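Below: one structure, written as structure tokens.
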2 protein chains.
Amino acid sequence: MVRTDSLAKATGQAQYTADLKLPRMLVAKVLRSPLPHARILNIDTSKAERLKGVKAVITGKDGYEVKWGVFPYTQDHAMIPTDKVRYIGEEVAAVAAVDEETAMEALSLIEVEYEELPAVFTVEEAMREGAPLVHDQYKNNINVHVHIDVGDVKKAFKEADIVLEDTFEAAGEMYGMLEPYAVLAHFTPDGYLDIWMPNAGPHVRAKALSNLLRLPLNKIRVHHINSGGAFGGRSEISPGDFVASLLTIKSGRPVKLVYTREETSIATRQVHDIKASIKTGAKKDGTIIAKEFKVYYNGGAYSSTGPIATSIPFYVYEETYRLPNLVYDGYRILTNRPIRGMYRCHGRAFLAGNAMHMDKIAEELGMDPMDIRLKNGIRTGEVTATGSKIISCGLEDTIKAAAKKSGWKKKRGKLPPYRGIGMGSIAIMCGFPMGFRSGSSAYIRVNEDGAATIVSGVVDNGQGNESMMVQIAAHTLGIPMESVNLVCSDTEVTTHDPGAYSQAAAFVTGNAVRLAAEDARDKILTAAAEYMKVDKEELALKDRMVYVKKDPDKAIKLTRAVRYAMSKGHHIQGYGTYIPKISFEREWVKNPYGQMAGTFSYGTSIAELEVDPETGIVKLLRMVVAHDCGNPINPMAVEGQLEGSVAMGGTATILEEHVWDGGLQLNSDFLEYKMPLSVDMPDIDPILIQSMDPEGPYGAKEGGLTISMSAYKAIANAFYDATGVWLKEFPYTPDRVLKALDAKKAKS
Amino acid sequence: MVRTDSLAKATGQAQYTADLKLPRMLVAKVLRSPLPHARILNIDTSKAERLKGVKAVITGKDGYEVKWGVFPYTQDHAMIPTDKVRYIGEEVAAVAAVDEETAMEALSLIEVEYEELPAVFTVEEAMREGAPLVHDQYKNNINVHVHIDVGDVKKAFKEADIVLEDTFEAAGEMYGMLEPYAVLAHFTPDGYLDIWMPNAGPHVRAKALSNLLRLPLNKIRVHHINSGGAFGGRSEISPGDFVASLLTIKSGRPVKLVYTREETSIATRQVHDIKASIKTGAKKDGTIIAKEFKVYYNGGAYSSTGPIATSIPFYVYEETYRLPNLVYDGYRILTNRPIRGMYRCHGRAFLAGNAMHMDKIAEELGMDPMDIRLKNGIRTGEVTATGSKIISCGLEDTIKAAAKKSGWKKKRGKLPPYRGIGMGSIAIMCGFPMGFRSGSSAYIRVNEDGAATIVSGVVDNGQGNESMMVQIAAHTLGIPMESVNLVCSDTEVTTHDPGAYSQAAAFVTGNAVRLAAEDARDKILTAAAEYMKVDKEELALKDRMVYVKKDPDKAIKLTRAVRYAMSKGHHIQGYGTYIPKISFEREWVKNPYGQMAGTFSYGTSIAELEVDPETGIVKLLRMVVAHDCGNPINPMAVEGQLEGSVAMGGTATILEEHVWDGGLQLNSDFLEYKMPLSVDMPDIDPILIQSMDPEGPYGAKEGGLTISMSAYKAIANAFYDATGVWLKEFPYTPDRVLKALDAKKAKS
């Protein structure tokens, strides 16, 4: 099934924010801090303001003294600081001018006086007693501390037959969305803020702008625009949105701000460094009975989605395996580095560490890694450690299907030296707990000629969400996909939706669209029943016809039913709201217990790779990835998601890391930062598992995120199979690989 | 109450179609026929196509062989002809080029071979036996013949004590919308036609384009754009829309077509010439008992809204006065002149003729013109001649209020020579019978912060319709107007609406919005009742609060109720559909009997004027205009409408006429065509009468169209009062006035 957006994107016609033009539009540029930590003593913008062609200059003082934060207890981001700068690259001032050259020149005329302060860059430095505080309110620079305690972990470790303890580390990464950040903002004469930017949740973005700019929500119109990838990095408001908004308010003209790749890398969001200490206790039959986690996340200079990033790695793990006794302590630590947010490949070193422990235990017990996973894997109907009931679980099927397709039994432990095969499994929740905002609404209008328009807050970041909604509606109404329009992600017009960063699109949004379509269908059938003088229950919709199920020749055109309804004063409009059955009291940090999400999807990756012992280069040969998405609405799109996940979580394990000189990022563009290229990609065998979720629309759940996380795990375990080395430092760059191989040689 | 659009329009920031720019936009120009009637033998566009910068050239052959017509039996308009041209200025070919100069040059390179045919310009010429046919399918060039027969007119004339017979004529006019016609069309790569143009009904426009371009309705997105006046002249599709659409489809780029004033005058719509022969029979107590009408309308070269224009003058008349016996024969005749459509000031000479007969009868009987109107005027609860029940009627109040305010009794027949005062009254239906399309739907969403967005198909052509909907919703929900957004007149997003040319906005659309707002209110109160643990009936909404009516201190914020509802999975969405209680079988021509509209509004104008016997110039001194709009939602806006109506119908009576040389219009721009200027405007005293319509939203009906028509009538009667001459030829230009005064002098 061809996606509705494919043609425009393939022909280059699709518009992105940087392509937009409005009359009298100005170009904006941002002045950024050269220091990682410094007090702002003074900013003199007078020369910049006087430069011909400059229409507005702003600093933090142009803000409304509101600090933003995703959570009530993490409101620390003024967007443009007034007190001090906290990372190299942070926004300090900005200009809007008639063209780019003038804007750049104006930046050079802004004079900033700094008083440099001592800075902290690593978790260790930041947590040291007496370390400089990035924000005064976070003692010891601890932004968030998630503590979860289930069962009796001390007792369980005493009863364990095997106990392992290791620390695993992963360097920070770049999201690498192909579309660099851009925002176009226009404050209209009648007081509306029209704004376009790639985002994963326009309603969330509008709410943030409403707070920061002290504008009523209905005066902020975040419009629909194509978005080139998000991966968790476009979930919350960006200082760029705020900068552009202030500039348009001040100048009275539309303002466009386009980031360079470097700015996108540093000044939007990055991926946390992770250091995870894991202690695992198991019985000799392979049952995992005790887990102790101490995980440190290097969060950069502001909270961002801190509480989510600090806890979700644990949550996805407990949604996968039975963990009767555990203590989890997750710490997000603030440092004077760019801001880190939640990432499509959660956990990384943490999850890989758990996977390696599982394999290590399996090896000690003479078990197949597949079997230990089948033994400990959660099942439908069970409840996770923190209290989420699992209503559909294809975990077992994903493990078995991937194992079969990859030839697991024939290969594991049997491949030639330096070739290995490894496995990893994981879950992901479909939708985040967001209190009263957790639900989604949709509205469908059916025209007199039988075509339909869906209005939904759904957001598409390239994964095909828009197409999926069209498909659901078309299927429900018995009309072709090309007869369905989707109006989405425009906060003025569209209905509330939680956003595309919480894996909610298929399950939550899809359900809302399904319910709206079913409501419309019901109204069509009611009208048709009256017209045809039969009972509504006897009728069905298909191929633009309304027909009697038991006597299909007895049928009328869909258009006739619609027009008949209109003539009775009933225009066909269908409405649906879906809110997942979750605990409204559950919170990421303060109350991590209760039903987390409506449902969960599951995936298993099996990686086959080859290590070159001379160069240290790891080559991914093949990935077999099996994902339980409930029921694939568009199989081709889900496969696309699985492939993308392999690139994100799989090759990342080998290639991607940020390199630093203190607070200065050394590899912020694609030349220096190793993003996977097509030559790095392995052969991929995607397998779709159908667990037919009882709640999901047509049984559907989320499509693909498990693969990025499980791929990471699989590669770590495959590396062991290939080299006999548990490599606990990610990514598996040649230097690390060679160092590990040398260490092993030295030991033997 | 300041209208929501006032600031942008007053500061010049408001955008109109000609202001829009899209990337890679082309400029279009149209080649027009220099002949009034000629066969098209050949069109050679090859040289034009080869000109550098020309991206597309089209002729009638690029169409899809569909002929458009507002009614199934008037489908005669191919938009760009292939067979022959039928009026000077008709579209023959068009080009889209990179700039205007290139486009103009390309036009000059198109070679058209014509075979000239004999033409007809007047009704008499066109109806003569053997006259050349403008369209083969209309015998004797009779486009539409409306025949209405009620009672026994022959018998009634025999019983009449007074019988008058006269013929009245009015020249054709220009609509004179200040905004010249413009259209921007963009056919996107994924097959959508995005189109902007000033229009009075986007859904109607989209349907026409759908038919003409053979595109599904959901692929056509007629977008919201400001519209600078319509007055009936923007109701149906224009060849310009079709031209721009073909050019964008052919070139693959956005195409903008902007008409000159001359093109707007000739190639959009004009106002019919009217020749009305009226025979009136009355009893000596002043009761009108018999009416015979034979009215000829010069329709120009195509049907346009022919059936409406040919019958509505009679309908508004029968909605005003009791007519027990009548025959009406209305003929719309095709001629080789530009196309005529329905006009905000219906009837003109026809209505003025009736008004003059009424005054003449009153004079013969020694009655006051006011009293004869009160005697024959229709009342609430009565039924018109063709069967419409009147549910609210402020006619009597408008007559009395206008008479009182103008000092009627002291002035009529008592002013100095050449000064006179005259009266006219008329009704207008609120909404046209449009079968299953007669209704309107609306949808309201209330955000978590208590602001709301209305989605409605309503169209605003400058009369304040958008503001009215906002007002209705704000009032119903108890929130301020600035908390309400309106998304309207966008065929992709908004719900079906009959359009703004049928006087339906207040009554039909307003009711839909009211119902949607009431539905939303009901849902808010349901949630609040549950939260506050009271009965829903005890609650009300005001000033963003939900409070217990009997104990106002017991209240919660509106936002709390909304968020509570959201947390229960009920986003606050309100829906409303309103369809007026009309006869679906009633048709303008083929079945002119039955309930015409849901309700009717009424108005009376009293004109005071002065005639200069030497120059023949008629000066309007004062207009007292009283209009029954049920209940004025925005009094200031209704007054604005009344003033505009005076300009349209009042001063038009004196100034406006087209001047012809055969088929060539001689005065097609504002230099030569006498539009009223501010110096021509009289003092205006607007009076708003409240009849509190039982069906209208908050009692409201249409606002102001009665005044344009009744002003026309009042001026004719005032002229008689001033000069003793019944001047039966309109407009009352100096030459006609002097000729009439001379004729009178000659007689005495």
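Identifiers in the structure tokens: chain A, B, ... in order shown; residue index from 1 per chain; ligand index from 1 in order shown.
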Residues of chain B at most 8 Å from chain A: nearest atom pair and distance in Å, only C-alpha atoms, as a Markdown table:
| residue | atom | partner | partner_atom | distance |
| --- | --- | --- | --- | --- |
| B:Asp5 | CA | A:Asp190 | CA | 8.0 |
| B:Leu7 | CA | A:Asp190 | CA | 6.7 |
| B:Ala8 | CA | A:Pro189 | CA | 6.1 |
| B:Gln13 | CA | A:Pro189 | CA | 7.3 |
| B:Lys21 | CA | A:Pro23 | CA | 7.6 |
| B:Leu22 | CA | A:Lys21 | CA | 7.9 |
| B:Pro23 | CA | A:Lys21 | CA | 7.6 |
| B:Pro189 | CA | A:Ala8 | CA | 6.0 |
| B:Asp190 | CA | A:Ala8 | CA | 6.3 |
| B:Pro216 | CA | A:Ser483 | CA | 7.7 |
| B:Leu217 | CA | A:Asp449 | CA | 6.9 |
| B:Asn218 | CA | A:Ala451 | CA | 6.0 |
| B:Lys219 | CA | A:Asn485 | CA | 8.0 |
| B:Gly435 | CA | A:Ser567 | CA | 6.7 |
| B:Phe436 | CA | A:Ser567 | CA | 3.9 |
| B:Arg437 | CA | A:Met566 | CA | 6.9 |
| B:Ser438 | CA | A:Ser567 | CA | 7.9 |
| B:Gly439 | CA | A:Gly569 | CA | 6.5 |
| B:Ser441 | CA | A:His571 | CA | 6.9 |
| B:Arg445 | CA | A:Thr495 | CA | 7.4 |
| B:Asn447 | CA | A:Asn218 | CA | 7.9 |
| B:Asp449 | CA | A:Leu217 | CA | 6.9 |
| B:Ala451 | CA | A:Asn218 | CA | 6.0 |
| B:Ala452 | CA | A:Asn218 | CA | 7.0 |
| B:Thr453 | CA | A:Glu492 | CA | 6.9 |
| B:Val455 | CA | A:Val493 | CA | 7.6 |
| B:Ser483 | CA | A:Asn218 | CA | 6.6 |
| B:Val484 | CA | A:Asn218 | CA | 7.3 |
| B:Asn485 | CA | A:Asn218 | CA | 6.7 |
| B:Val487 | CA | A:Val493 | CA | 7.0 |
| B:Glu492 | CA | A:Thr453 | CA | 6.9 |
| B:Val493 | CA | A:Val487 | CA | 6.9 |
| B:Thr495 | CA | A:Arg445 | CA | 7.4 |
| B:His496 | CA | A:His571 | CA | 7.9 |
| B:Arg563 | CA | A:Phe436 | CA | 6.4 |
| B:Tyr564 | CA | A:Phe436 | CA | 7.4 |
| B:Met566 | CA | A:Phe436 | CA | 5.4 |
| B:Ser567 | CA | A:Phe436 | CA | 3.9 |
| B:Lys568 | CA | A:Phe436 | CA | 7.6 |
| B:Gly569 | CA | A:Ile579 | CA | 5.2 |
| B:His570 | CA | A:Thr577 | CA | 6.5 |
| B:His571 | CA | A:Thr577 | CA | 6.9 |
| B:Thr577 | CA | A:Gly569 | CA | 6.5 |
| B:Tyr578 | CA | A:Gly569 | CA | 6.3 |
| B:Ile579 | CA | A:Gly569 | CA | 5.1 |
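Close contacts of A:Ala473, defined as residues with an atom at most 7 Å away when counting only C-alpha atoms, with chain neighbours fewer than 6 positions off set aside, comprise A:Val513, A:Arg514, A:Ala517.
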Include N, CA, C and O atoms and write out the residues we just selected as a PDB file, in the first residue's frame.
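selection.pdb written:
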ATOM      1  N   VAL A 513      -9.707   7.621  15.454  1.00  0.00           N
ATOM      2  CA  VAL A 513     -10.140   7.704  14.056  1.00  0.00           C
ATOM      3  C   VAL A 513     -11.104   6.570  13.740  1.00  0.00           C
ATOM      4  O   VAL A 513     -12.128   6.760  13.081  1.00  0.00           O
ATOM      5  N   ARG A 514     -10.784   5.392  14.234  1.00  0.00           N
ATOM      6  CA  ARG A 514     -11.682   4.259  13.999  1.00  0.00           C
ATOM      7  C   ARG A 514     -13.054   4.543  14.585  1.00  0.00           C
ATOM      8  O   ARG A 514     -14.086   4.326  13.933  1.00  0.00           O
ATOM      9  N   ALA A 517     -14.907   7.015  12.505  1.00  0.00           N
ATOM     10  CA  ALA A 517     -15.365   6.401  11.260  1.00  0.00           C
ATOM     11  C   ALA A 517     -16.537   5.466  11.517  1.00  0.00           C
ATOM     12  O   ALA A 517     -17.487   5.398  10.733  1.00  0.00           O
TER      13      ALA A 517
END
Next item on the list: Enumerate the residues of stretch 201-278 of chain B with a DSSP assignment of helix (DSSP H, G or I), computed from the backbone, and present them as a ChimeraX atom specification.
Entry: /B:202-213,217-219,239-251,261-267
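When atom CA of B:Gly699 is paired with atom CA of B:Gly377, their separation reads 21.6 Å.
Interatomic distance, atom CA of B:Val316 against atom CA of B:Cys430: 10.7 Å.
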Margin query: Give me the residues near A:Met692 as a list in words, where near means some atom within 7 Å (using only C-alpha atoms) and where sequence neighbours in that chain fewer than 3 positions away do not count.
Written below: Gly630, Asn631, Gly699 and Ala700 of chain A
Note to self: What's around B:Ala185 at 12 Å? Count only C-alpha atoms, leave out sequence neighbours fewer than 2 positions away in its own chain, and write the answer as a VMD selection string.
What the structure shows: chain B and resid 17 to 18 20 to 22 25 to 28 96 182 to 183 187 to 188 192 to 197 209 220 to 223 240 to 258
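Atom CA of B:Leu525 to atom CA of B:Lys557 spans 11.5 Å [interatomic distance, one decimal].
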